[in-house]
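What follows is start-v3.pdb (PDB, N, CA and C atoms and all ligand atoms).
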ATOM      1  N   MET X   1     -52.576  74.674-224.547  1.00  0.00           N
ATOM      2  CA  MET X   1     -53.649  73.928-223.871  1.00  0.00           C
ATOM      3  C   MET X   1     -54.719  73.534-224.889  1.00  0.00           C
ATOM      4  N   VAL X   2     -55.098  72.303-224.828  1.00  0.00           N
ATOM      5  CA  VAL X   2     -56.100  71.804-225.764  1.00  0.00           C
ATOM      6  C   VAL X   2     -57.397  71.516-225.023  1.00  0.00           C
ATOM      7  N   HIS X   3     -58.480  71.951-225.626  1.00  0.00           N
ATOM      8  CA  HIS X   3     -59.786  71.635-225.062  1.00  0.00           C
ATOM      9  C   HIS X   3     -60.563  70.781-226.049  1.00  0.00           C
ATOM     10  N   CYS X   4     -61.290  69.847-225.509  1.00  0.00           N
ATOM     11  CA  CYS X   4     -62.164  69.055-226.354  1.00  0.00           C
ATOM     12  C   CYS X   4     -63.289  69.951-226.870  1.00  0.00           C
ATOM     13  N   PRO X   5     -63.488  70.031-228.166  1.00  0.00           N
ATOM     14  CA  PRO X   5     -64.529  70.901-228.721  1.00  0.00           C
ATOM     15  C   PRO X   5     -65.934  70.386-228.431  1.00  0.00           C
ATOM     16  N   ASP X   6     -66.018  69.153-227.986  1.00  0.00           N
ATOM     17  CA  ASP X   6     -67.330  68.550-227.779  1.00  0.00           C
ATOM     18  C   ASP X   6     -67.796  68.695-226.342  1.00  0.00           C
ATOM     19  N   CYS X   7     -66.985  68.250-225.393  1.00  0.00           N
ATOM     20  CA  CYS X   7     -67.382  68.305-223.984  1.00  0.00           C
ATOM     21  C   CYS X   7     -66.598  69.361-223.212  1.00  0.00           C
ATOM     22  N   GLU X   8     -65.656  70.025-223.903  1.00  0.00           N
ATOM     23  CA  GLU X   8     -64.869  71.127-223.347  1.00  0.00           C
ATOM     24  C   GLU X   8     -64.022  70.712-222.158  1.00  0.00           C
ATOM     25  N   THR X   9     -63.692  69.449-222.090  1.00  0.00           N
ATOM     26  CA  THR X   9     -62.752  69.013-221.079  1.00  0.00           C
ATOM     27  C   THR X   9     -61.362  69.537-221.414  1.00  0.00           C
ATOM     28  N   ALA X  10     -60.686  70.062-220.400  1.00  0.00           N
ATOM     29  CA  ALA X  10     -59.330  70.544-220.608  1.00  0.00           C
ATOM     30  C   ALA X  10     -58.382  69.350-220.683  1.00  0.00           C
ATOM     31  N   LEU X  11     -57.755  69.224-221.808  1.00  0.00           N
ATOM     32  CA  LEU X  11     -56.881  68.083-222.023  1.00  0.00           C
ATOM     33  C   LEU X  11     -55.449  68.493-221.701  1.00  0.00           C
ATOM     34  N   ALA X  12     -55.175  68.559-220.407  1.00  0.00           N
ATOM     35  CA  ALA X  12     -53.887  69.069-219.967  1.00  0.00           C
ATOM     36  C   ALA X  12     -52.879  67.956-219.749  1.00  0.00           C
ATOM     37  N   ASP X  13     -53.365  66.749-219.627  1.00  0.00           N
ATOM     38  CA  ASP X  13     -52.478  65.640-219.319  1.00  0.00           C
ATOM     39  C   ASP X  13     -52.632  64.558-220.364  1.00  0.00           C
ATOM     40  N   GLU X  14     -51.592  63.778-220.525  1.00  0.00           N
ATOM     41  CA  GLU X  14     -51.661  62.706-221.509  1.00  0.00           C
ATOM     42  C   GLU X  14     -52.760  61.698-221.185  1.00  0.00           C
ATOM     43  N   SER X  15     -53.076  61.584-219.897  1.00  0.00           N
ATOM     44  CA  SER X  15     -54.105  60.636-219.492  1.00  0.00           C
ATOM     45  C   SER X  15     -55.501  61.096-219.906  1.00  0.00           C
ATOM     46  N   ASP X  16     -55.601  62.380-220.279  1.00  0.00           N
ATOM     47  CA  ASP X  16     -56.889  62.893-220.726  1.00  0.00           C
ATOM     48  C   ASP X  16     -57.135  62.616-222.196  1.00  0.00           C
ATOM     49  N   VAL X  17     -56.093  62.188-222.858  1.00  0.00           N
ATOM     50  CA  VAL X  17     -56.203  61.912-224.282  1.00  0.00           C
ATOM     51  C   VAL X  17     -55.848  60.451-224.532  1.00  0.00           C
ATOM     52  N   GLU X  18     -56.692  59.812-225.264  1.00  0.00           N
ATOM     53  CA  GLU X  18     -56.453  58.418-225.586  1.00  0.00           C
ATOM     54  C   GLU X  18     -55.822  58.314-226.972  1.00  0.00           C
ATOM     55  N   PHE X  19     -54.573  57.893-226.985  1.00  0.00           N
ATOM     56  CA  PHE X  19     -53.894  57.740-228.254  1.00  0.00           C
ATOM     57  C   PHE X  19     -54.024  56.298-228.733  1.00  0.00           C
ATOM     58  N   VAL X  20     -54.533  56.161-229.915  1.00  0.00           N
ATOM     59  CA  VAL X  20     -54.673  54.840-230.499  1.00  0.00           C
ATOM     60  C   VAL X  20     -53.681  54.719-231.649  1.00  0.00           C
ATOM     61  N   GLU X  21     -52.693  53.901-231.420  1.00  0.00           N
ATOM     62  CA  GLU X  21     -51.679  53.742-232.458  1.00  0.00           C
ATOM     63  C   GLU X  21     -52.027  52.566-233.347  1.00  0.00           C
ATOM     64  N   MET X  22     -51.732  52.742-234.591  1.00  0.00           N
ATOM     65  CA  MET X  22     -51.996  51.678-235.545  1.00  0.00           C
ATOM     66  C   MET X  22     -50.742  51.425-236.372  1.00  0.00           C
ATOM     67  N   ASP X  23     -50.430  50.206-236.557  1.00  0.00           N
ATOM     68  CA  ASP X  23     -49.306  49.880-237.418  1.00  0.00           C
ATOM     69  C   ASP X  23     -49.664  50.195-238.863  1.00  0.00           C
ATOM     70  N   ALA X  24     -48.687  50.706-239.555  1.00  0.00           N
ATOM     71  CA  ALA X  24     -48.924  51.061-240.949  1.00  0.00           C
ATOM     72  C   ALA X  24     -48.852  49.810-241.818  1.00  0.00           C
ATOM     73  N   THR X  25     -49.932  49.082-241.795  1.00  0.00           N
ATOM     74  CA  THR X  25     -49.947  47.821-242.545  1.00  0.00           C
ATOM     75  C   THR X  25     -50.786  47.913-243.805  1.00  0.00           C
ATOM     76  N   THR X  26     -51.399  49.069-243.987  1.00  0.00           N
ATOM     77  CA  THR X  26     -52.302  49.179-245.130  1.00  0.00           C
ATOM     78  C   THR X  26     -51.581  49.557-246.412  1.00  0.00           C
ATOM     79  N   GLY X  27     -50.346  49.995-246.273  1.00  0.00           N
ATOM     80  CA  GLY X  27     -49.557  50.186-247.478  1.00  0.00           C
ATOM     81  C   GLY X  27     -49.454  51.615-247.965  1.00  0.00           C
ATOM     82  N   PHE X  28     -50.337  52.492-247.516  1.00  0.00           N
ATOM     83  CA  PHE X  28     -50.262  53.867-248.012  1.00  0.00           C
ATOM     84  C   PHE X  28     -49.343  54.728-247.157  1.00  0.00           C
ATOM     85  N   LEU X  29     -48.871  54.164-246.050  1.00  0.00           N
ATOM     86  CA  LEU X  29     -47.872  54.851-245.244  1.00  0.00           C
ATOM     87  C   LEU X  29     -46.593  54.024-245.232  1.00  0.00           C
ATOM     88  N   ALA X  30     -45.501  54.696-245.049  1.00  0.00           N
ATOM     89  CA  ALA X  30     -44.235  53.980-244.969  1.00  0.00           C
ATOM     90  C   ALA X  30     -44.218  53.090-243.731  1.00  0.00           C
ATOM     91  N   ALA X  31     -43.529  51.995-243.830  1.00  0.00           N
ATOM     92  CA  ALA X  31     -43.516  51.026-242.739  1.00  0.00           C
ATOM     93  C   ALA X  31     -42.822  51.571-241.503  1.00  0.00           C
ATOM     94  N   SER X  32     -42.031  52.622-241.675  1.00  0.00           N
ATOM     95  CA  SER X  32     -41.290  53.185-240.551  1.00  0.00           C
ATOM     96  C   SER X  32     -42.129  54.164-239.745  1.00  0.00           C
ATOM     97  N   LYS X  33     -43.347  54.383-240.197  1.00  0.00           N
ATOM     98  CA  LYS X  33     -44.189  55.350-239.517  1.00  0.00           C
ATOM     99  C   LYS X  33     -45.361  54.653-238.840  1.00  0.00           C
ATOM    100  N   ARG X  34     -45.854  55.312-237.792  1.00  0.00           N
ATOM    101  CA  ARG X  34     -47.047  54.807-237.115  1.00  0.00           C
ATOM    102  C   ARG X  34     -48.106  55.898-237.099  1.00  0.00           C
ATOM    103  N   PHE X  35     -49.287  55.509-237.441  1.00  0.00           N
ATOM    104  CA  PHE X  35     -50.400  56.450-237.481  1.00  0.00           C
ATOM    105  C   PHE X  35     -51.146  56.399-236.163  1.00  0.00           C
ATOM    106  N   TYR X  36     -51.472  57.558-235.637  1.00  0.00           N
ATOM    107  CA  TYR X  36     -52.212  57.565-234.376  1.00  0.00           C
ATOM    108  C   TYR X  36     -53.427  58.470-234.461  1.00  0.00           C
ATOM    109  N   VAL X  37     -54.403  58.156-233.617  1.00  0.00           N
ATOM    110  CA  VAL X  37     -55.596  58.977-233.494  1.00  0.00           C
ATOM    111  C   VAL X  37     -55.751  59.363-232.034  1.00  0.00           C
ATOM    112  N   ALA X  38     -55.992  60.631-231.776  1.00  0.00           N
ATOM    113  CA  ALA X  38     -56.178  61.102-230.412  1.00  0.00           C
ATOM    114  C   ALA X  38     -57.662  61.274-230.131  1.00  0.00           C
ATOM    115  N   ASN X  39     -58.134  60.580-229.085  1.00  0.00           N
ATOM    116  CA  ASN X  39     -59.534  60.684-228.701  1.00  0.00           C
ATOM    117  C   ASN X  39     -59.653  61.305-227.320  1.00  0.00           C
ATOM    118  N   CYS X  40     -60.697  62.069-227.105  1.00  0.00           N
ATOM    119  CA  CYS X  40     -60.982  62.611-225.783  1.00  0.00           C
ATOM    120  C   CYS X  40     -61.312  61.461-224.833  1.00  0.00           C
ATOM    121  N   ALA X  41     -60.683  61.478-223.656  1.00  0.00           N
ATOM    122  CA  ALA X  41     -60.921  60.405-222.696  1.00  0.00           C
ATOM    123  C   ALA X  41     -62.298  60.503-222.058  1.00  0.00           C
ATOM    124  N   GLU X  42     -62.901  61.668-222.141  1.00  0.00           N
ATOM    125  CA  GLU X  42     -64.204  61.874-221.512  1.00  0.00           C
ATOM    126  C   GLU X  42     -65.356  61.428-222.405  1.00  0.00           C
ATOM    127  N   CYS X  43     -65.353  61.886-223.643  1.00  0.00           N
ATOM    128  CA  CYS X  43     -66.504  61.613-224.504  1.00  0.00           C
ATOM    129  C   CYS X  43     -66.122  60.802-225.740  1.00  0.00           C
ATOM    130  N   GLY X  44     -64.826  60.604-225.937  1.00  0.00           N
ATOM    131  CA  GLY X  44     -64.400  59.779-227.058  1.00  0.00           C
ATOM    132  C   GLY X  44     -64.376  60.508-228.389  1.00  0.00           C
ATOM    133  N   ASN X  45     -64.543  61.814-228.344  1.00  0.00           N
ATOM    134  CA  ASN X  45     -64.512  62.594-229.569  1.00  0.00           C
ATOM    135  C   ASN X  45     -63.114  62.548-230.182  1.00  0.00           C
ATOM    136  N   THR X  46     -63.050  62.364-231.461  1.00  0.00           N
ATOM    137  CA  THR X  46     -61.755  62.340-232.133  1.00  0.00           C
ATOM    138  C   THR X  46     -61.210  63.760-232.258  1.00  0.00           C
ATOM    139  N   LEU X  47     -60.056  63.976-231.651  1.00  0.00           N
ATOM    140  CA  LEU X  47     -59.481  65.317-231.600  1.00  0.00           C
ATOM    141  C   LEU X  47     -58.557  65.574-232.763  1.00  0.00           C
ATOM    142  N   GLY X  48     -57.869  64.544-233.175  1.00  0.00           N
ATOM    143  CA  GLY X  48     -56.941  64.740-234.266  1.00  0.00           C
ATOM    144  C   GLY X  48     -56.180  63.466-234.551  1.00  0.00           C
ATOM    145  N   SER X  49     -55.335  63.536-235.538  1.00  0.00           N
ATOM    146  CA  SER X  49     -54.561  62.371-235.898  1.00  0.00           C
ATOM    147  C   SER X  49     -53.259  62.812-236.518  1.00  0.00           C
ATOM    148  N   GLY X  50     -52.360  61.876-236.639  1.00  0.00           N
ATOM    149  CA  GLY X  50     -51.082  62.225-237.218  1.00  0.00           C
ATOM    150  C   GLY X  50     -50.195  60.998-237.314  1.00  0.00           C
ATOM    151  N   VAL X  51     -48.950  61.262-237.580  1.00  0.00           N
ATOM    152  CA  VAL X  51     -47.994  60.183-237.727  1.00  0.00           C
ATOM    153  C   VAL X  51     -46.913  60.357-236.680  1.00  0.00           C
ATOM    154  N   ALA X  52     -46.629  59.302-235.966  1.00  0.00           N
ATOM    155  CA  ALA X  52     -45.576  59.339-234.943  1.00  0.00           C
ATOM    156  C   ALA X  52     -44.555  58.256-235.226  1.00  0.00           C
ATOM    157  N   GLY X  53     -43.384  58.486-234.713  1.00  0.00           N
ATOM    158  CA  GLY X  53     -42.363  57.462-234.803  1.00  0.00           C
ATOM    159  C   GLY X  53     -41.683  57.384-236.156  1.00  0.00           C
ATOM    160  N   ALA X  54     -41.747  58.457-236.906  1.00  0.00           N
ATOM    161  CA  ALA X  54     -41.071  58.459-238.193  1.00  0.00           C
ATOM    162  C   ALA X  54     -39.565  58.439-238.003  1.00  0.00           C
ATOM    163  N   LYS X  55     -38.912  57.675-238.802  1.00  0.00           N
ATOM    164  CA  LYS X  55     -37.459  57.546-238.685  1.00  0.00           C
ATOM    165  C   LYS X  55     -36.746  58.578-239.566  1.00  0.00           C
ATOM    166  N   GLY X  56     -35.545  58.902-239.156  1.00  0.00           N
ATOM    167  CA  GLY X  56     -34.704  59.728-240.003  1.00  0.00           C
ATOM    168  C   GLY X  56     -35.133  61.172-240.069  1.00  0.00           C
ATOM    169  N   GLY X  57     -35.829  61.653-239.062  1.00  0.00           N
ATOM    170  CA  GLY X  57     -36.324  63.021-239.103  1.00  0.00           C
ATOM    171  C   GLY X  57     -35.229  64.027-238.773  1.00  0.00           C
ATOM    172  N   GLY X  58     -34.670  63.903-237.571  1.00  0.00           N
ATOM    173  CA  GLY X  58     -33.706  64.909-237.148  1.00  0.00           C
ATOM    174  C   GLY X  58     -32.300  64.373-237.020  1.00  0.00           C
ATOM    175  N   GLY X  59     -32.166  63.070-237.000  1.00  0.00           N
ATOM    176  CA  GLY X  59     -30.836  62.479-236.884  1.00  0.00           C
ATOM    177  C   GLY X  59     -30.421  62.219-235.461  1.00  0.00           C
ATOM    178  N   ALA X  60     -31.064  62.838-234.497  1.00  0.00           N
ATOM    179  CA  ALA X  60     -30.725  62.618-233.098  1.00  0.00           C
ATOM    180  C   ALA X  60     -31.397  61.333-232.599  1.00  0.00           C
ATOM    181  N   VAL X  61     -30.618  60.503-231.931  1.00  0.00           N
ATOM    182  CA  VAL X  61     -31.155  59.247-231.430  1.00  0.00           C
ATOM    183  C   VAL X  61     -31.107  59.263-229.904  1.00  0.00           C
TER     184      VAL X  61
HETATM  185 ZN    ZN H 101     -64.628  65.325-224.979  1.00  0.00          ZN
END
Would you mind writing the file out in structure tokens?
Amino acid sequence: MVHCPDCETALADESDVEFVEMDATTGFLAASKRFYVANCAECGNTLGSGVAGAKGGGGAV
């Protein structure tokens, strides 16, 4: 269970977190990856970020 450290909203559902995906067009990430930022839906606090949609990770399609 994730809680927003700012407003302490329980982020139990995907709708509570706003994922902002960005295409890797800046060149420092591989084109097969997408960078995302997770924001609290209540106060907009940035909770974290990472890379999603990387290819060739596990081999399962
Ligand atoms: Zn919040």
For chain X against ligand ZN 101 (chain H), with a cut-off of 6 Å and counting all atoms listed in the file, what is the closest atom pair and its distance in Å to one decimal for every residue that makes the cut, ordered by chain and number, as a tab-separated table?
residue	atom	partner	partner_atom	distance
X:Cys4	CA	H:ZN101	ZN	4.7
X:Pro5	N	H:ZN101	ZN	5.8
X:Asp6	C	H:ZN101	ZN	4.8
X:Cys7	N	H:ZN101	ZN	3.8
X:Glu8	N	H:ZN101	ZN	4.9
X:Thr9	N	H:ZN101	ZN	5.1
X:Cys40	CA	H:ZN101	ZN	4.6
X:Ala41	N	H:ZN101	ZN	5.7
X:Glu42	C	H:ZN101	ZN	4.7
X:Cys43	N	H:ZN101	ZN	3.8
X:Gly44	N	H:ZN101	ZN	4.8
X:Asn45	N	H:ZN101	ZN	4.9
**OP:** Rounded to one decimal place, report the CA of Thr46 (chain X)-CA of His3 (chain X) distance in Å.
**Re:**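 Interatomic distance, CA of Thr46 (chain X) to CA of His3 (chain X): 11.8 Å.
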**OP:** Might you spell out which residues the PyMOL selection byres (((chain X and resi 15-22) around 5) and not hetatm) would select in the displayed file, as a PyMOL selection string?
**Re:** chain X and resi 13-14+23-24+35-41
Quick one: 4 Å padding each side, axis-aligned, all listed atoms of region 35-52 of chain X - centre and edge lengths in Å to one decimal, as JSON?
{"center_x": -55.5, "center_y": 60.5, "center_z": -229.6, "size_x": 29.9, "size_y": 18.1, "size_z": 24.2}
Original post:
What separation in Å, quoted to one decimal, exists between atom N of Gly50 (chain X) and atom C of Val2 (chain X)?
Top reply: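 According to the coordinates, atom N of Gly50 (chain X) and atom C of Val2 (chain X) are separated by 15.9 Å.
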**OP:** Tell me, in Å to one decimal, how far atom N of Val51 (chain X) is from CA of Ala12 (chain X).
**Re:**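 Spanning atom N of Val51 (chain X) to CA of Ala12 (chain X) is a straight-line distance of 19.9 Å.
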